[in-house]
Structures are given as C-alpha cells and as structure tokens.
Amino acid sequence: MTRSLWRSRRAAAVAGLAFAVLLIAAMVMMRMAVSGGSFTSLQSDADRRGLIRTSLNLVPFAGIAFLWFIGVVRDQLGAMEDRLFSTVFLGSGLLFLAMIFISAVTTSSLLSMVEGPNANPDVWAFGRSSTQVLVSVYAMRMAAVFTLSVSTVGMRTGAMPRWVSYLGYLVALMLFLSAGEQVWTQLLFPAWVLVVSLAILFTPPRHPVVDTVGEAREVTP
C-alpha cells in the first residue's frame, strides 16, 4: 500500500508542487537580493546576504522534489513510454538540475568570499556573470527542452489535458527566446510544472487503447 502510494499520480503531483513552490521562492528571493545591488552594498548589507543564503538552502530540496517528479512520471508512463521523448525528457531534466546545483554552489562560494577578509569585486563580478549565463542561457534552454518533451509525451499518452501540453509549448518557446534577456521569464518553468502537477492531481488519466489496426486512441474511464 505504501509502495503504491509513493509511485502514484498523486505522488508525482505532490513532488511537482513542492519543486515549483520551492524553486519559485528561491528564484524570487535571489532576484530581490541581488537586483540593483552593487558589490559594496551587498558586502555591507547583512539582510541581502541572509536572503541569498535562505534561497540557496531551498535549492537542494527543490532538486530532490524534481528528481522524484521525474521518477514517478516515468513510472506512471510504464509500457506507454516513448523511448525517444522519454530519453530527452530524462536527459534535459537531469542537465537542468545539474546546472541549477552548480549555480547554487558557485553563488554560495561567492557569498563566503564577500563575507571574508579577502573579498575581491572583480572575482565577484566574474562569478556573478558566469552564474547568470549558466542559469539564464543553458539551464533555461534545458528547461525548455524538458517542457517540450513532457508536453509531447503527455499529449500522446493522454496523461494530462491537451491544453496543458499546448501551454507547455508556449512556455518552451518563451524560454528559448527570452529567458536570457528577461530574467523574470525564468519563473515560467516552475510555474508550468505547478500547472502540470495540479492537472495531474485533479484530472483523471486518459488511457490509450490500441484498436484492430494498431493505432492508439484515447478513452476516458
């Protein structure tokens, strides 16, 4: 009973909700802490540093929830899993998570440097720029690929409503085109995972049925 509960659609929804809420909170706090602040202001403002540290502490828990979300979704697909899209789905999700973790580690190191006696504004500027590029350009592109693959698999298997898949295509397009320039656009990815999780939680699954000519059609129980 407990084993089936952890592998259920509800478990995927709860994991997705936890990831979305934690990542949105971490990204908003980080943006509030570093936006408009110079190296000097950050060095002298303990509240800003505390906000950054709090956001960094949320990242590992968001990552754990995201891994669980990926695992349960793949388990739910089962025999219906499309190997091509599922491989892209898994690979892009893991790459996204790895880049987010690397960015968090780099930011934590920079924060320790700022609070220490050998703080260097040039090193801070270099580290901040590198972290922003890693998240805005590379991690968000992987998030876009993840969104595309999940939307496609969800549409083909009937695992979620079609409008959620269409919304995913729109989110992926915006992440591809503008995540690097418009930093608040990055919130679209966890927001979409939030929508997917709510859809999984409150929408019954539609199971594909194979007819006599071998083509899959969807039925709603």
# chains A, B, ... in the order shown; residues from 1 in each chain; ligands from 1

call {"tool": "residues_around", "arguments": {"residues": "A:Ser108", "least_positions_apart": "2", "cutoff": "12 Å", "atoms": "only C-alpha atoms", "output": "number ranges by chain"}}
result
A: 30, 49-57, 59, 101-106, 110-115, 124, 127-128, 131

call {"tool": "write_last_selection", "arguments": {"atoms": "N, CA and C atoms", "output": "PDB file, in the first residue's frame"}}
result
ATOM      1  N   MET A  30      16.328  35.298  -4.496  1.00  0.00           N
ATOM      2  CA  MET A  30      17.639  35.597  -5.069  1.00  0.00           C
ATOM      3  C   MET A  30      17.588  36.862  -5.912  1.00  0.00           C
ATOM      4  N   ARG A  49      22.471  39.418   2.175  1.00  0.00           N
ATOM      5  CA  ARG A  49      23.216  38.162   2.228  1.00  0.00           C
ATOM      6  C   ARG A  49      22.390  37.059   2.886  1.00  0.00           C
ATOM      7  N   GLY A  50      21.630  37.428   3.900  1.00  0.00           N
ATOM      8  CA  GLY A  50      20.768  36.444   4.553  1.00  0.00           C
ATOM      9  C   GLY A  50      19.685  35.927   3.623  1.00  0.00           C
ATOM     10  N   LEU A  51      19.155  36.810   2.775  1.00  0.00           N
ATOM     11  CA  LEU A  51      18.130  36.404   1.814  1.00  0.00           C
ATOM     12  C   LEU A  51      18.721  35.457   0.771  1.00  0.00           C
ATOM     13  N   ILE A  52      19.936  35.754   0.333  1.00  0.00           N
ATOM     14  CA  ILE A  52      20.610  34.863  -0.624  1.00  0.00           C
ATOM     15  C   ILE A  52      20.851  33.500   0.008  1.00  0.00           C
ATOM     16  N   ARG A  53      21.297  33.493   1.244  1.00  0.00           N
ATOM     17  CA  ARG A  53      21.589  32.225   1.927  1.00  0.00           C
ATOM     18  C   ARG A  53      20.307  31.399   2.097  1.00  0.00           C
ATOM     19  N   THR A  54      19.202  32.057   2.416  1.00  0.00           N
ATOM     20  CA  THR A  54      17.930  31.345   2.547  1.00  0.00           C
ATOM     21  C   THR A  54      17.496  30.731   1.225  1.00  0.00           C
ATOM     22  N   SER A  55      17.650  31.483   0.147  1.00  0.00           N
ATOM     23  CA  SER A  55      17.265  30.959  -1.171  1.00  0.00           C
ATOM     24  C   SER A  55      18.128  29.767  -1.565  1.00  0.00           C
ATOM     25  N   LEU A  56      19.419  29.824  -1.238  1.00  0.00           N
ATOM     26  CA  LEU A  56      20.317  28.717  -1.559  1.00  0.00           C
ATOM     27  C   LEU A  56      19.958  27.462  -0.766  1.00  0.00           C
ATOM     28  N   ASN A  57      19.480  27.637   0.444  1.00  0.00           N
ATOM     29  CA  ASN A  57      19.094  26.488   1.264  1.00  0.00           C
ATOM     30  C   ASN A  57      17.864  25.769   0.724  1.00  0.00           C
ATOM     31  N   VAL A  59      17.289  25.322  -2.543  1.00  0.00           N
ATOM     32  CA  VAL A  59      17.596  24.668  -3.822  1.00  0.00           C
ATOM     33  C   VAL A  59      17.746  23.154  -3.716  1.00  0.00           C
ATOM     34  N   PHE A 101      22.232  23.250  -9.575  1.00  0.00           N
ATOM     35  CA  PHE A 101      23.073  22.933  -8.419  1.00  0.00           C
ATOM     36  C   PHE A 101      24.445  23.597  -8.533  1.00  0.00           C
ATOM     37  N   ILE A 102      25.027  23.552  -9.737  1.00  0.00           N
ATOM     38  CA  ILE A 102      26.329  24.207  -9.935  1.00  0.00           C
ATOM     39  C   ILE A 102      26.227  25.702  -9.667  1.00  0.00           C
ATOM     40  N   SER A 103      25.166  26.312 -10.138  1.00  0.00           N
ATOM     41  CA  SER A 103      24.960  27.743  -9.909  1.00  0.00           C
ATOM     42  C   SER A 103      24.820  28.048  -8.419  1.00  0.00           C
ATOM     43  N   ALA A 104      24.116  27.176  -7.706  1.00  0.00           N
ATOM     44  CA  ALA A 104      23.942  27.384  -6.264  1.00  0.00           C
ATOM     45  C   ALA A 104      25.274  27.252  -5.533  1.00  0.00           C
ATOM     46  N   VAL A 105      26.092  26.271  -5.928  1.00  0.00           N
ATOM     47  CA  VAL A 105      27.403  26.091  -5.300  1.00  0.00           C
ATOM     48  C   VAL A 105      28.292  27.301  -5.564  1.00  0.00           C
ATOM     49  N   THR A 106      28.297  27.786  -6.810  1.00  0.00           N
ATOM     50  CA  THR A 106      29.110  28.957  -7.158  1.00  0.00           C
ATOM     51  C   THR A 106      28.672  30.186  -6.368  1.00  0.00           C
ATOM     52  N   LEU A 110      30.796  32.456  -3.679  1.00  0.00           N
ATOM     53  CA  LEU A 110      30.937  33.908  -3.806  1.00  0.00           C
ATOM     54  C   LEU A 110      30.451  34.627  -2.558  1.00  0.00           C
ATOM     55  N   LEU A 111      29.378  34.115  -1.972  1.00  0.00           N
ATOM     56  CA  LEU A 111      28.852  34.726  -0.759  1.00  0.00           C
ATOM     57  C   LEU A 111      29.846  34.599   0.386  1.00  0.00           C
ATOM     58  N   SER A 112      30.490  33.456   0.489  1.00  0.00           N
ATOM     59  CA  SER A 112      31.510  33.266   1.524  1.00  0.00           C
ATOM     60  C   SER A 112      32.685  34.215   1.310  1.00  0.00           C
ATOM     61  N   MET A 113      33.047  34.442   0.048  1.00  0.00           N
ATOM     62  CA  MET A 113      34.132  35.371  -0.251  1.00  0.00           C
ATOM     63  C   MET A 113      33.765  36.795   0.150  1.00  0.00           C
ATOM     64  N   VAL A 114      32.515  37.194  -0.150  1.00  0.00           N
ATOM     65  CA  VAL A 114      32.068  38.547   0.192  1.00  0.00           C
ATOM     66  C   VAL A 114      32.127  38.773   1.701  1.00  0.00           C
ATOM     67  N   GLU A 115      31.801  37.751   2.470  1.00  0.00           N
ATOM     68  CA  GLU A 115      31.782  37.890   3.926  1.00  0.00           C
ATOM     69  C   GLU A 115      33.168  37.746   4.548  1.00  0.00           C
ATOM     70  N   TRP A 124      33.980  38.652  -7.777  1.00  0.00           N
ATOM     71  CA  TRP A 124      32.525  38.638  -7.595  1.00  0.00           C
ATOM     72  C   TRP A 124      31.812  38.907  -8.914  1.00  0.00           C
ATOM     73  N   GLY A 127      32.161  35.839 -11.183  1.00  0.00           N
ATOM     74  CA  GLY A 127      31.333  34.722 -10.723  1.00  0.00           C
ATOM     75  C   GLY A 127      29.860  34.971 -10.927  1.00  0.00           C
ATOM     76  N   ARG A 128      29.422  36.207 -10.673  1.00  0.00           N
ATOM     77  CA  ARG A 128      28.008  36.531 -10.859  1.00  0.00           C
ATOM     78  C   ARG A 128      27.617  36.433 -12.321  1.00  0.00           C
ATOM     79  N   THR A 131      27.467  32.741 -13.389  1.00  0.00           N
ATOM     80  CA  THR A 131      26.286  32.076 -12.836  1.00  0.00           C
ATOM     81  C   THR A 131      25.025  32.489 -13.578  1.00  0.00           C
TER      82      THR A 131
END

call {"tool": "residues_around", "arguments": {"residues": "A:Val171", "least_positions_apart": "4", "cutoff": "8 Å", "atoms": "only C-alpha atoms", "output": "VMD selection string"}}
result
chain A and resid 144 147 167 175 188 to 189 192

call {"tool": "write_last_selection", "arguments": {"atoms": "N, CA and C atoms", "output": "JSON list (two decimals), in the first residue's frame"}}
result
[["chain", "number", "residue", "atom", "x", "y", "z"],
["A", 144, "ALA", "N", 13.43, 24.35, -21.29],
["A", 144, "ALA", "CA", 12.54, 24.43, -22.45],
["A", 144, "ALA", "C", 12.43, 23.07, -23.14],
["A", 147, "THR", "N", 10.28, 20.86, -21.03],
["A", 147, "THR", "CA", 8.87, 21.22, -21.19],
["A", 147, "THR", "C", 8.30, 20.69, -22.49],
["A", 167, "LEU", "N", -0.03, 24.76, -23.54],
["A", 167, "LEU", "CA", 0.59, 25.79, -22.70],
["A", 167, "LEU", "C", 2.08, 25.51, -22.55],
["A", 175, "LEU", "N", 10.88, 30.42, -23.20],
["A", 175, "LEU", "CA", 12.16, 30.14, -22.55],
["A", 175, "LEU", "C", 13.29, 30.11, -23.56],
["A", 188, "LEU", "N", 8.63, 31.07, -15.48],
["A", 188, "LEU", "CA", 7.61, 30.35, -16.24],
["A", 188, "LEU", "C", 7.77, 28.84, -16.12],
["A", 189, "PHE", "N", 9.02, 28.36, -16.04],
["A", 189, "PHE", "CA", 9.22, 26.92, -15.97],
["A", 189, "PHE", "C", 8.64, 26.31, -14.69],
["A", 192, "TRP", "N", 4.91, 26.44, -14.81],
["A", 192, "TRP", "CA", 4.29, 25.43, -15.67],
["A", 192, "TRP", "C", 4.28, 24.07, -14.98]]

call {"tool": "select_by_dssp", "arguments": {"residues": "stretch 6-220 of chain A", "states": "helix (DSSP H, G or I)", "output": "number ranges by chain"}}
result
A: 6, 9-34, 39-44, 46-80, 83-115, 121-157, 162-178, 183-202

call {"tool": "closest_residue", "arguments": {"among": "A:Val73, A:Ala15, A:Val183, A:Val137", "to": "A:Thr157", "atoms": "only C-alpha atoms"}}
result
A:Val73

call {"tool": "closest_residue", "arguments": {"among": "A:Phe176, A:Thr107, A:Gln186, A:Ala12", "to": "A:Phe126", "atoms": "only C-alpha atoms"}}
result
A:Thr107

call {"tool": "closest_residue", "arguments": {"among": "A:Ile70, A:Ala159, A:Ile200, A:Leu23", "to": "A:Gly91", "atoms": "only C-alpha atoms"}}
result
A:Ile70

call {"tool": "residues_around", "arguments": {"residues": "A:Ala199", "least_positions_apart": "6", "cutoff": "8 Å", "atoms": "only C-alpha atoms", "output": "VMD selection string"}}
result
chain A and resid 160 to 161 164

call {"tool": "residues_around", "arguments": {"residues": "A:Tyr166", "least_positions_apart": "3", "cutoff": "10 Å", "atoms": "only C-alpha atoms", "output": "number ranges by chain"}}
result
A: 148, 151-152, 155, 161-163, 169-172

call {"tool": "write_last_selection", "arguments": {"atoms": "N, CA and C atoms", "output": "compact mmCIF listing (two decimals), in the first residue's frame"}}
result
# COMPACT_ATOMS: atom_id res chain seq x y z
N LEU A 148 9.06 20.82 -23.58
CA LEU A 148 8.62 20.31 -24.87
C LEU A 148 8.40 18.80 -24.83
N SER A 151 5.41 17.83 -22.59
CA SER A 151 4.16 18.20 -23.26
C SER A 151 3.82 17.21 -24.37
N THR A 152 4.82 16.81 -25.12
CA THR A 152 4.59 15.87 -26.22
C THR A 152 4.20 14.49 -25.70
N MET A 155 0.69 14.61 -24.27
CA MET A 155 -0.34 14.65 -25.29
C MET A 155 -0.53 13.29 -25.96
N PRO A 161 -4.33 16.92 -19.58
CA PRO A 161 -5.18 17.58 -20.56
C PRO A 161 -4.36 18.22 -21.69
N ARG A 162 -4.96 18.26 -22.88
CA ARG A 162 -4.26 18.81 -24.03
C ARG A 162 -3.90 20.28 -23.85
N TRP A 163 -4.75 21.04 -23.17
CA TRP A 163 -4.46 22.47 -23.02
C TRP A 163 -3.19 22.69 -22.21
N TYR A 169 4.06 24.09 -24.76
CA TYR A 169 4.74 24.52 -25.99
C TYR A 169 4.99 26.03 -25.98
N LEU A 170 4.01 26.79 -25.51
CA LEU A 170 4.17 28.24 -25.44
C LEU A 170 5.26 28.63 -24.44
N VAL A 171 5.26 27.98 -23.28
CA VAL A 171 6.28 28.26 -22.26
C VAL A 171 7.67 27.92 -22.80
N ALA A 172 7.79 26.78 -23.47
CA ALA A 172 9.09 26.38 -24.03
C ALA A 172 9.59 27.41 -25.04

call {"tool": "residues_around", "arguments": {"residues": "A:Arg48", "least_positions_apart": "6", "cutoff": "9 Å", "atoms": "only C-alpha atoms", "output": "MDAnalysis selection string"}}
result
chainID A and resid 30 32:34 37 41:42

call {"tool": "atom_distance", "arguments": {"atom1": "atom CA of A:Val88", "atom2": "atom CA of A:Val145"}}
result
7.6 Å

call {"tool": "residues_around", "arguments": {"residues": "A:Leu22", "least_positions_apart": "4", "cutoff": "12 Å", "atoms": "only C-alpha atoms", "output": "JSON, numbers by chain"}}
result
{"A": [15, 16, 17, 18, 26, 27, 28, 29, 54, 55, 56, 57, 58, 59, 60, 61, 62, 63, 64, 65, 66, 187, 190, 191, 193, 194]}

call {"tool": "select_by_dssp", "arguments": {"residues": "stretch 26-210 of chain A", "states": "strand (DSSP E or B)", "output": "PyMOL selection string"}}
result
chain A and resi 207-210

call {"tool": "atom_distance", "arguments": {"atom1": "atom CA of A:Leu173", "atom2": "atom CA of A:Arg141"}}
result
9.6 Å

call {"tool": "residues_around", "arguments": {"residues": "A:Ala143", "least_positions_apart": "6", "cutoff": "7 Å", "atoms": "only C-alpha atoms", "output": "ChimeraX atom specification"}}
result
/A:92-93,96,189

call {"tool": "atom_distance", "arguments": {"atom1": "atom CA of A:Leu67", "atom2": "atom CA of A:Leu198"}}
result
17.6 Å
